[in-house]
Structure formats: C-alpha cells, structure tokens
Amino acid sequence: TVTGVAYSFRKYCFPRRKGLPLSTNELRKPSTTHSNADLLIWSLYLLGGVEKWINVEDLYLKAFDLAPARLSWRTKPEIPDYKKCAKALQEVEAPNQRNFLNVFSKKGPYERMLSLEGHAWCEKHKGRLSNLYSGEIVPSATGQDDERKIRRLSRSDAYRKWNPTGPDGLDLWELADAFRCTADTPWATWQGRLAEHALAAERNGQTDLLAFINAAKIHIEQEVASQ
C-alpha cells in the first residue's frame with residue numbers, strides 16, 4: 001500500500017536522530033548558573049573519564065567533593081545524597097534530553113566514560129566550568145529556603161550587634177526576633193529553629209553566620225533552658 005511504502009521509506013532512509021553522532025556545536029553551552037547535570041559531566045572529565053571507565057559511585061563522590069552543598073543530605077551535610085547524584089545522571093542520560101545526547105558512554109549500569117563529543121564539550125567550555133565548579137563554594141540547590149533564612153538572619157539586629165571577639169552583645173528579645181521566636185518560646189522549639197538555620201549556613205559556607213548561631217545557642221540555653 002501507499003502507507004506501507006511511505007513507512008518503509010521513513011524507516012530505512014531517515015534513521016532516528018539519536019543514532020547519529022552529535023557534534024559539539026549541537027550541544028548546549030554550560031548553564032551560566034550552577035547545574036547538577038553540568039557538574040556531573042565536568043566531574044567525569046576531571047577524573048580522566050575520556051581515557052578510562054569510571055564507576056558511577058566514584059563519579060558521585062567527585063561531584064560531591066566539588067559541590068557538597070548541592071549534593072548532600074539535608075540533615076547531614078557531610079554525607080553525599082545518592083538520590084540527588086543519580087537524578088543528575090538521569091538528567092544527562094534521559095532519552096529525551098537532546099542537549100546531552102551521547103555525552104556519556106555506558107558500560108553496564110555502573111560505569112561511564114566521556115564520549116569524544118563530551119570531552120570536546122568540556123575542553124571547549126573549560127573556563128566556564130572551572131569557574132563554576134572548581135573554585136569557590138558552590139551554593140546549595142535548596143536555594144530559596146536557605147537564601148531566605150540566611151538573608152533574614154544576616155539582616156537582623158542581633159547579628160549586626162554581635163561581637164565575636166569580646167562581650168557578645170546578644171539580647172534574648174533580639175534573638176527571638178531573628179529566629180522567629182518569642183522570649184517565652186520553649187527550649188525545644190528554640191533548638192529546632194537554631195538547627196535549621198545552622199544547616200542553611202553550613203550548606204552554603206556561611207562560616208561567620210554559623211559562628212553567630214553557635215554563640216546564640218549558648219546564650220539562649222543559659223537564659224531559657226534553665227527556666
């Protein structure tokens with residue numbers, strides 16, 4: 001039939017796009033902001049993945065070393081979150097993700113190597129990738145919530161008046177405003193608020209803010225926990 005002839009013509013004369021080699025001109029540029037998928041490709045490049053097969057667990061650990069704030073557990077920032085790393089790998093390798101087609105070669109479920117296209121992409125964009133992932137602290141991907149806590153705390157009267165080298169200058173009422181509590185808030189609630197702000201500061205490399213939170217905890221515990 002005419003329909004059958006047309007189907008056969010498309011099938012045999014126009015191979016599916018994903019079976020064709022992909023030039024680096026067709027791969028999108030790295031994101032100008034931090035991206036877990038870009039981070040994973042760059043990590044494989046740094047591990048020498050163009051010359052040898054790399055186990056995905058080693059790949060995840062390398063990515064975590066470069067960006068622990070993005071790939072850690074929410075409650076244990078020192079531990080890499082396997083699910084976040086695996087999700088980034090799925091983003092790179094998704095069949096409908098044309099931007100990354102053929103960047104990785106697979107050897108079973110656990111080994112990856114950069115394709116020639118992937119290696120050329122890293123070489124071409126080495127400057128941007130290095131600036132984003134091999135320099136200063138890479139910010140957390142839980143951006144909005146952490147950013148809100150950090151911004152509110154860093155602008156609070158309690159933080160601005162805090163003296164890390166002398167008398168701390170801390171006041172319970174100002175601390176209550178900074179951590180969204182009241183002077184009558186139970187110690188258990190204070191502990192939860194302090195912990196969630198400390199995690200946000202630690203995930204995002206805010207060492208001064210973390211020191212303030214630790215000082216605030218000591219001050220509040222002395223005034224509240226003993227009541």
# chains A, B, ... in the order shown; residues from 1 in each chain; ligands from 1
$ select_by_dssp --residues "region 16-162 of chain A" --states "strand (DSSP E or B)" --output "list in words"
Ile54, Asn55, Ser72, Pro80, Phe104, Ser105, Lys106, Lys107, Glu111, Arg112, Met113 and Leu114 of chain A
$ residues_around --residues "region 186-191 of chain A" --least-positions-apart "2" --cutoff "10 Å" --atoms "only C-alpha atoms" --output "PyMOL selection string"
chain A and resi 176+179-184+193-196+217+220-221+223-227
$ residues_around --residues "Tyr82 (chain A)" --least-positions-apart "4" --cutoff "9 Å" --atoms "only C-alpha atoms" --output "PDB file with all heavy atoms, in the first residue's frame"
ATOM      1  N   GLU A  57      29.832   5.474  41.362  1.00  0.00           N
ATOM      2  CA  GLU A  57      29.998   5.883  42.756  1.00  0.00           C
ATOM      3  C   GLU A  57      31.210   6.811  42.907  1.00  0.00           C
ATOM      4  O   GLU A  57      31.165   7.783  43.671  1.00  0.00           O
ATOM      5  CB  GLU A  57      30.129   4.653  43.649  1.00  0.00           C
ATOM      6  CG  GLU A  57      28.826   3.852  43.733  1.00  0.00           C
ATOM      7  CD  GLU A  57      28.921   2.654  44.651  1.00  0.00           C
ATOM      8  OE1 GLU A  57      30.045   2.326  45.091  1.00  0.00           O
ATOM      9  OE2 GLU A  57      27.871   2.046  44.935  1.00  0.00           O
ATOM     10  N   TYR A  60      30.044  10.153  41.569  1.00  0.00           N
ATOM     11  CA  TYR A  60      29.218  10.878  42.536  1.00  0.00           C
ATOM     12  C   TYR A  60      30.074  11.511  43.629  1.00  0.00           C
ATOM     13  O   TYR A  60      29.826  12.644  44.053  1.00  0.00           O
ATOM     14  CB  TYR A  60      28.195   9.931  43.172  1.00  0.00           C
ATOM     15  CG  TYR A  60      27.160   9.383  42.226  1.00  0.00           C
ATOM     16  CD1 TYR A  60      26.360   8.301  42.604  1.00  0.00           C
ATOM     17  CD2 TYR A  60      26.964   9.924  40.955  1.00  0.00           C
ATOM     18  CE1 TYR A  60      25.394   7.786  41.744  1.00  0.00           C
ATOM     19  CE2 TYR A  60      26.005   9.408  40.093  1.00  0.00           C
ATOM     20  CZ  TYR A  60      25.226   8.335  40.496  1.00  0.00           C
ATOM     21  OH  TYR A  60      24.275   7.823  39.637  1.00  0.00           O
ATOM     22  N   LEU A  71      24.830  18.517  46.889  1.00  0.00           N
ATOM     23  CA  LEU A  71      24.613  17.084  46.768  1.00  0.00           C
ATOM     24  C   LEU A  71      24.610  16.350  48.102  1.00  0.00           C
ATOM     25  O   LEU A  71      24.753  15.134  48.136  1.00  0.00           O
ATOM     26  CB  LEU A  71      25.679  16.472  45.842  1.00  0.00           C
ATOM     27  CG  LEU A  71      25.692  17.012  44.411  1.00  0.00           C
ATOM     28  CD1 LEU A  71      26.854  16.410  43.621  1.00  0.00           C
ATOM     29  CD2 LEU A  71      24.375  16.726  43.697  1.00  0.00           C
ATOM     30  N   SER A  72      24.445  17.061  49.190  1.00  0.00           N
ATOM     31  CA  SER A  72      24.471  16.432  50.499  1.00  0.00           C
ATOM     32  C   SER A  72      23.072  16.111  51.001  1.00  0.00           C
ATOM     33  O   SER A  72      22.067  16.589  50.471  1.00  0.00           O
ATOM     34  CB  SER A  72      25.153  17.355  51.514  1.00  0.00           C
ATOM     35  OG  SER A  72      24.381  18.531  51.712  1.00  0.00           O
ATOM     36  N   TRP A  73      23.016  15.297  52.041  1.00  0.00           N
ATOM     37  CA  TRP A  73      21.768  15.098  52.767  1.00  0.00           C
ATOM     38  C   TRP A  73      21.340  16.429  53.364  1.00  0.00           C
ATOM     39  O   TRP A  73      22.170  17.263  53.729  1.00  0.00           O
ATOM     40  CB  TRP A  73      21.964  14.103  53.902  1.00  0.00           C
ATOM     41  CG  TRP A  73      22.001  12.665  53.499  1.00  0.00           C
ATOM     42  CD1 TRP A  73      22.178  12.163  52.249  1.00  0.00           C
ATOM     43  CD2 TRP A  73      21.874  11.544  54.377  1.00  0.00           C
ATOM     44  NE1 TRP A  73      22.171  10.804  52.280  1.00  0.00           N
ATOM     45  CE2 TRP A  73      21.992  10.384  53.572  1.00  0.00           C
ATOM     46  CE3 TRP A  73      21.703  11.394  55.742  1.00  0.00           C
ATOM     47  CZ2 TRP A  73      21.912   9.116  54.108  1.00  0.00           C
ATOM     48  CZ3 TRP A  73      21.628  10.129  56.282  1.00  0.00           C
ATOM     49  CH2 TRP A  73      21.723   8.996  55.473  1.00  0.00           C
ATOM     50  N   ALA A  86      22.155  10.493  41.510  1.00  0.00           N
ATOM     51  CA  ALA A  86      21.539   9.637  40.497  1.00  0.00           C
ATOM     52  C   ALA A  86      20.562  10.436  39.627  1.00  0.00           C
ATOM     53  O   ALA A  86      20.458  10.195  38.416  1.00  0.00           O
ATOM     54  CB  ALA A  86      20.821   8.472  41.167  1.00  0.00           C
ATOM     55  N   LYS A  87      19.880  11.394  40.231  1.00  0.00           N
ATOM     56  CA  LYS A  87      18.956  12.223  39.457  1.00  0.00           C
ATOM     57  C   LYS A  87      19.711  13.066  38.426  1.00  0.00           C
ATOM     58  O   LYS A  87      19.249  13.256  37.293  1.00  0.00           O
ATOM     59  CB  LYS A  87      18.160  13.136  40.396  1.00  0.00           C
ATOM     60  CG  LYS A  87      17.104  13.960  39.694  1.00  0.00           C
ATOM     61  CD  LYS A  87      16.308  14.795  40.681  1.00  0.00           C
ATOM     62  CE  LYS A  87      15.261  15.632  39.968  1.00  0.00           C
ATOM     63  NZ  LYS A  87      14.473  16.457  40.932  1.00  0.00           N
TER      64      LYS A  87
END
$ closest_residue --among "A:Glu123, A:Asp65, A:Glu93, A:Asp146" --to "Val50 (chain A)" --atoms "only C-alpha atoms"
A:Glu123
$ residues_around --residues "Arg155 (chain A)" --least-positions-apart "3" --cutoff "12 Å" --atoms "only C-alpha atoms" --output "PyMOL selection string"
chain A and resi 148-152+158-162+174-175+177-179+209
$ write_last_selection --atoms "N, CA, C and O atoms" --output "short mmCIF file (atom, residue, chain, number, x, y, z; two decimals), in the first residue's frame"
data_model
loop_
_atom_site.label_atom_id
_atom_site.label_comp_id
_atom_site.auth_asym_id
_atom_site.auth_seq_id
_atom_site.Cartn_x
_atom_site.Cartn_y
_atom_site.Cartn_z
N ARG A 148 16.47 32.54 52.05
CA ARG A 148 15.58 33.33 52.89
C ARG A 148 16.05 33.34 54.34
O ARG A 148 16.08 34.40 54.99
N LYS A 149 16.44 32.18 54.87
CA LYS A 149 16.92 32.11 56.26
C LYS A 149 18.20 32.92 56.44
O LYS A 149 18.35 33.67 57.42
N ILE A 150 19.12 32.76 55.50
CA ILE A 150 20.40 33.46 55.60
C ILE A 150 20.21 34.97 55.50
O ILE A 150 20.81 35.75 56.26
N ARG A 151 19.37 35.40 54.56
CA ARG A 151 19.14 36.83 54.39
C ARG A 151 18.49 37.45 55.62
O ARG A 151 18.92 38.51 56.11
N ARG A 152 17.48 36.80 56.15
CA ARG A 152 16.78 37.31 57.32
C ARG A 152 17.72 37.40 58.53
O ARG A 152 17.74 38.40 59.25
N ALA A 158 20.20 41.38 65.98
CA ALA A 158 21.03 40.53 66.82
C ALA A 158 22.36 40.22 66.15
O ALA A 158 23.42 40.27 66.79
N TYR A 159 22.32 39.90 64.85
CA TYR A 159 23.56 39.57 64.14
C TYR A 159 24.44 40.82 63.96
O TYR A 159 25.66 40.75 64.13
N ARG A 160 23.83 41.94 63.63
CA ARG A 160 24.61 43.15 63.38
C ARG A 160 25.28 43.66 64.66
O ARG A 160 26.35 44.25 64.60
N LYS A 161 24.66 43.41 65.81
CA LYS A 161 25.24 43.88 67.08
C LYS A 161 26.19 42.85 67.72
O LYS A 161 26.89 43.17 68.68
N TRP A 162 26.20 41.65 67.18
CA TRP A 162 27.02 40.59 67.77
C TRP A 162 28.50 40.91 67.63
O TRP A 162 28.97 41.34 66.58
N GLU A 174 16.07 40.30 70.92
CA GLU A 174 16.55 40.45 69.53
C GLU A 174 16.80 39.09 68.90
O GLU A 174 16.55 38.90 67.69
N LEU A 175 17.29 38.13 69.68
CA LEU A 175 17.48 36.78 69.15
C LEU A 175 16.13 36.13 68.82
O LEU A 175 16.00 35.42 67.83
N ASP A 177 13.49 37.67 67.79
CA ASP A 177 13.04 38.23 66.53
C ASP A 177 13.81 37.63 65.35
O ASP A 177 13.24 37.34 64.29
N ALA A 178 15.12 37.40 65.54
CA ALA A 178 15.96 36.87 64.46
C ALA A 178 15.58 35.44 64.09
O ALA A 178 15.61 35.05 62.92
N PHE A 179 15.19 34.65 65.10
CA PHE A 179 14.88 33.23 64.86
C PHE A 179 13.38 32.93 64.88
O PHE A 179 12.99 31.78 64.96
N LEU A 209 28.16 33.38 59.94
CA LEU A 209 26.79 33.22 60.40
C LEU A 209 26.66 31.98 61.28
O LEU A 209 25.91 31.99 62.27
#
$ residues_around --residues "Pro30 (chain A)" --least-positions-apart "3" --cutoff "8 Å" --atoms "only C-alpha atoms" --output "list in words"
Asp38, His125, Arg128 and Leu129 of chain A
$ write_last_selection --atoms "C-alpha atoms" --output "CSV table (one decimal), in the first residue's frame"
chain,number,residue,atom,x,y,z
A,38,ASP,CA,26.8,20.1,34.1
A,125,HIS,CA,33.9,25.3,27.9
A,128,ARG,CA,33.3,28.5,32.5
A,129,LEU,CA,33.1,25.0,34.0
$ atom_distance --atom1 "CA of Ser43 (chain A)" --atom2 "CA of Ala63 (chain A)"
5.5 Å
$ residues_around --residues "Asp58 (chain A)" --least-positions-apart "3" --cutoff "10 Å" --atoms "only C-alpha atoms" --output "VMD selection string"
chain A and resid 43 to 44 47 54 to 55 61 to 64 110 to 111
$ write_last_selection --atoms "N, CA, C and O atoms" --output "compact mmCIF listing (two decimals), in the first residue's frame"
# COMPACT_ATOMS: atom_id res chain seq x y z
N SER A 43 32.80 16.59 36.38
CA SER A 43 33.45 15.68 37.33
C SER A 43 34.04 14.48 36.60
O SER A 43 35.16 14.03 36.92
N LEU A 44 33.32 13.95 35.62
CA LEU A 44 33.84 12.81 34.86
C LEU A 44 35.08 13.23 34.06
O LEU A 44 36.04 12.46 33.93
N LEU A 47 38.05 13.34 36.36
CA LEU A 47 38.50 12.00 36.76
C LEU A 47 39.23 11.27 35.63
O LEU A 47 39.64 10.13 35.81
N ILE A 54 34.82 4.91 34.51
CA ILE A 54 34.72 5.39 35.88
C ILE A 54 33.45 4.84 36.51
O ILE A 54 32.37 4.93 35.93
N ASN A 55 33.57 4.25 37.68
CA ASN A 55 32.40 3.77 38.39
C ASN A 55 31.53 4.95 38.81
O ASN A 55 32.05 5.99 39.23
N LEU A 61 31.07 10.76 44.11
CA LEU A 61 31.94 11.30 45.16
C LEU A 61 32.74 12.51 44.68
O LEU A 61 32.95 13.47 45.42
N LYS A 62 33.19 12.45 43.43
CA LYS A 62 33.92 13.58 42.88
C LYS A 62 33.02 14.81 42.78
O LYS A 62 33.41 15.92 43.14
N ALA A 63 31.79 14.62 42.30
CA ALA A 63 30.85 15.72 42.20
C ALA A 63 30.54 16.28 43.59
O ALA A 63 30.44 17.50 43.78
N PHE A 64 30.41 15.40 44.57
CA PHE A 64 30.16 15.84 45.95
C PHE A 64 31.35 16.64 46.50
O PHE A 64 31.17 17.64 47.20
N TYR A 110 26.88 0.61 35.90
CA TYR A 110 27.71 1.28 36.90
C TYR A 110 28.97 1.95 36.38
O TYR A 110 29.72 2.52 37.16
N GLU A 111 29.25 1.89 35.09
CA GLU A 111 30.47 2.50 34.57
C GLU A 111 30.16 3.48 33.45
O GLU A 111 29.31 3.21 32.60
$ closest_residue --among "A:Asp145, A:Lys126, A:Arg28, A:Ile41" --to "Cys85 (chain A)" --atoms "only C-alpha atoms"
A:Ile41
$ closest_residue --among "A:Ser105, A:His34, A:Leu27, A:Thr75" --to "Trp53 (chain A)" --atoms "only C-alpha atoms"
A:Ser105
$ select_by_dssp --residues "chain A" --states "helix (DSSP H, G or I)" --output "JSON, numbers by chain"
{"A": [2, 3, 4, 5, 6, 7, 8, 9, 10, 11, 12, 13, 17, 18, 19, 36, 37, 38, 39, 40, 41, 42, 43, 44, 45, 46, 56, 57, 58, 59, 60, 61, 62, 63, 64, 65, 66, 68, 69, 70, 71, 82, 83, 84, 85, 86, 87, 88, 89, 90, 91, 92, 93, 98, 99, 100, 116, 117, 118, 119, 120, 121, 122, 123, 124, 126, 127, 128, 129, 130, 131, 132, 133, 143, 144, 145, 146, 147, 148, 149, 150, 151, 152, 153, 154, 157, 158, 159, 160, 161, 172, 173, 174, 175, 176, 177, 178, 187, 188, 189, 190, 191, 192, 193, 194, 195, 196, 197, 198, 199, 200, 201, 202, 203, 207, 208, 209, 210, 211, 212, 213, 214, 215, 216, 217, 218, 219, 220, 221, 222, 223, 224, 225]}
$ write_last_selection --atoms "C-alpha atoms" --output "short mmCIF file (atom, residue, chain, number, x, y, z; two decimals), in the first residue's frame"
data_model
loop_
_atom_site.label_atom_id
_atom_site.label_comp_id
_atom_site.auth_asym_id
_atom_site.auth_seq_id
_atom_site.Cartn_x
_atom_site.Cartn_y
_atom_site.Cartn_z
CA VAL A 2 0.98 3.64 -0.29
CA THR A 3 1.02 3.96 3.50
CA GLY A 4 3.30 0.94 3.84
CA VAL A 5 5.70 2.26 1.22
CA ALA A 6 5.84 5.65 2.96
CA TYR A 7 6.51 3.97 6.33
CA SER A 8 9.31 1.86 4.89
CA PHE A 9 10.86 4.92 3.23
CA ARG A 10 10.95 6.85 6.55
CA LYS A 11 12.19 3.84 8.46
CA TYR A 12 15.14 2.96 6.25
CA CYS A 13 16.09 6.26 4.63
CA ARG A 17 18.23 11.14 15.31
CA LYS A 18 19.59 9.60 18.49
CA GLY A 19 21.58 7.09 16.46
CA ASN A 36 23.96 19.31 38.73
CA ALA A 37 23.99 17.81 35.24
CA ASP A 38 26.85 20.06 34.10
CA LEU A 39 28.64 19.34 37.37
CA LEU A 40 28.48 15.59 36.74
CA ILE A 41 29.91 15.92 33.22
CA TRP A 42 32.72 18.13 34.50
CA SER A 43 33.45 15.68 37.33
CA LEU A 44 33.84 12.81 34.86
CA TYR A 45 36.23 14.98 32.83
CA LEU A 46 38.34 15.71 35.93
CA VAL A 56 29.35 5.94 39.00
CA GLU A 57 30.00 5.88 42.76
CA ASP A 58 33.43 7.44 42.19
CA LEU A 59 31.77 9.94 39.87
CA TYR A 60 29.22 10.88 42.54
CA LEU A 61 31.94 11.30 45.16
CA LYS A 62 33.92 13.58 42.88
CA ALA A 63 30.85 15.72 42.20
CA PHE A 64 30.16 15.84 45.95
CA ASP A 65 33.75 16.95 46.62
CA LEU A 66 33.25 19.84 44.19
CA PRO A 68 28.92 19.33 48.81
CA ALA A 69 26.23 21.93 49.49
CA ARG A 70 24.30 20.84 46.38
CA LEU A 71 24.61 17.08 46.77
CA TYR A 82 22.90 9.18 46.35
CA LYS A 83 19.44 10.13 45.06
CA LYS A 84 20.50 13.66 44.11
CA CYS A 85 23.55 12.33 42.28
CA ALA A 86 21.54 9.64 40.50
CA LYS A 87 18.96 12.22 39.46
CA ALA A 88 21.71 14.32 37.87
CA LEU A 89 22.94 11.27 35.96
CA GLN A 90 19.40 10.56 34.77
CA GLU A 91 19.14 14.15 33.54
CA VAL A 92 22.29 13.74 31.44
CA GLU A 93 21.25 10.37 30.03
CA ARG A 98 18.76 16.16 23.33
CA ASN A 99 21.16 18.74 24.79
CA PHE A 100 23.31 15.97 26.30
CA LEU A 116 34.66 12.23 22.23
CA GLU A 117 31.81 14.74 21.96
CA GLY A 118 31.62 15.01 25.73
CA HIS A 119 35.36 15.52 26.05
CA ALA A 120 35.34 18.17 23.34
CA TRP A 121 32.45 19.93 25.11
CA CYS A 122 34.44 20.06 28.38
CA GLU A 123 37.55 21.31 26.58
CA LYS A 124 35.58 23.96 24.73
CA LYS A 126 36.70 24.55 30.37
CA GLY A 127 36.93 28.16 31.54
CA ARG A 128 33.28 28.48 32.50
CA LEU A 129 33.07 25.01 34.05
CA SER A 130 36.22 25.57 36.09
CA ASN A 131 34.96 28.91 37.37
CA LEU A 132 31.62 27.43 38.40
CA TYR A 133 32.72 24.14 39.94
CA GLY A 143 18.32 27.82 47.23
CA GLN A 144 15.19 29.73 48.06
CA ASP A 145 14.60 28.36 51.56
CA ASP A 146 18.26 28.60 52.59
CA GLU A 147 18.60 32.02 50.99
CA ARG A 148 15.58 33.33 52.89
CA LYS A 149 16.92 32.11 56.26
CA ILE A 150 20.40 33.46 55.60
CA ARG A 151 19.14 36.83 54.39
CA ARG A 152 16.78 37.31 57.32
CA LEU A 153 19.38 36.31 59.90
CA SER A 154 22.22 38.37 58.42
CA ASP A 157 19.68 43.44 64.78
CA ALA A 158 21.03 40.53 66.82
CA TYR A 159 23.56 39.57 64.14
CA ARG A 160 24.61 43.15 63.38
CA LYS A 161 25.24 43.88 67.08
CA LEU A 172 17.23 37.46 74.10
CA TRP A 173 14.48 39.65 72.61
CA GLU A 174 16.55 40.45 69.53
CA LEU A 175 17.48 36.78 69.15
CA ALA A 176 13.82 35.87 69.39
CA ASP A 177 13.04 38.23 66.53
CA ALA A 178 15.96 36.87 64.46
CA TRP A 187 13.71 25.50 74.62
CA ALA A 188 12.76 22.57 72.36
CA THR A 189 11.33 24.99 69.77
CA TRP A 190 14.43 27.18 70.02
CA GLN A 191 16.58 24.12 69.34
CA GLY A 192 14.67 23.33 66.15
CA ARG A 193 14.95 26.91 64.85
CA LEU A 194 18.64 27.10 65.66
CA ALA A 195 19.31 23.74 63.97
CA GLU A 196 17.52 24.62 60.71
CA HIS A 197 19.39 27.94 60.45
CA ALA A 198 22.70 26.24 61.26
CA LEU A 199 22.13 23.72 58.46
CA ALA A 200 21.35 26.50 55.99
CA ALA A 201 24.52 28.36 56.97
CA GLU A 202 26.68 25.22 56.84
CA ARG A 203 25.32 24.10 53.47
CA THR A 207 31.04 30.42 58.47
CA ASP A 208 30.53 33.79 60.22
CA LEU A 209 26.79 33.22 60.40
CA LEU A 210 27.34 29.71 61.73
CA ALA A 211 29.59 31.10 64.47
CA PHE A 212 26.86 33.58 65.38
CA ILE A 213 24.26 30.79 65.58
CA ASN A 214 26.52 28.76 67.88
CA ALA A 215 27.04 31.79 70.12
CA ALA A 216 23.31 32.47 70.11
CA LYS A 217 22.62 28.86 71.11
CA ILE A 218 24.88 29.19 74.16
CA HIS A 219 23.28 32.49 75.18
CA ILE A 220 19.70 31.24 74.71
CA GLU A 221 20.36 27.97 76.51
CA GLN A 222 21.69 29.87 79.52
CA GLU A 223 18.58 32.07 79.67
CA VAL A 224 15.81 29.75 78.53
CA ALA A 225 16.75 26.14 79.23
#
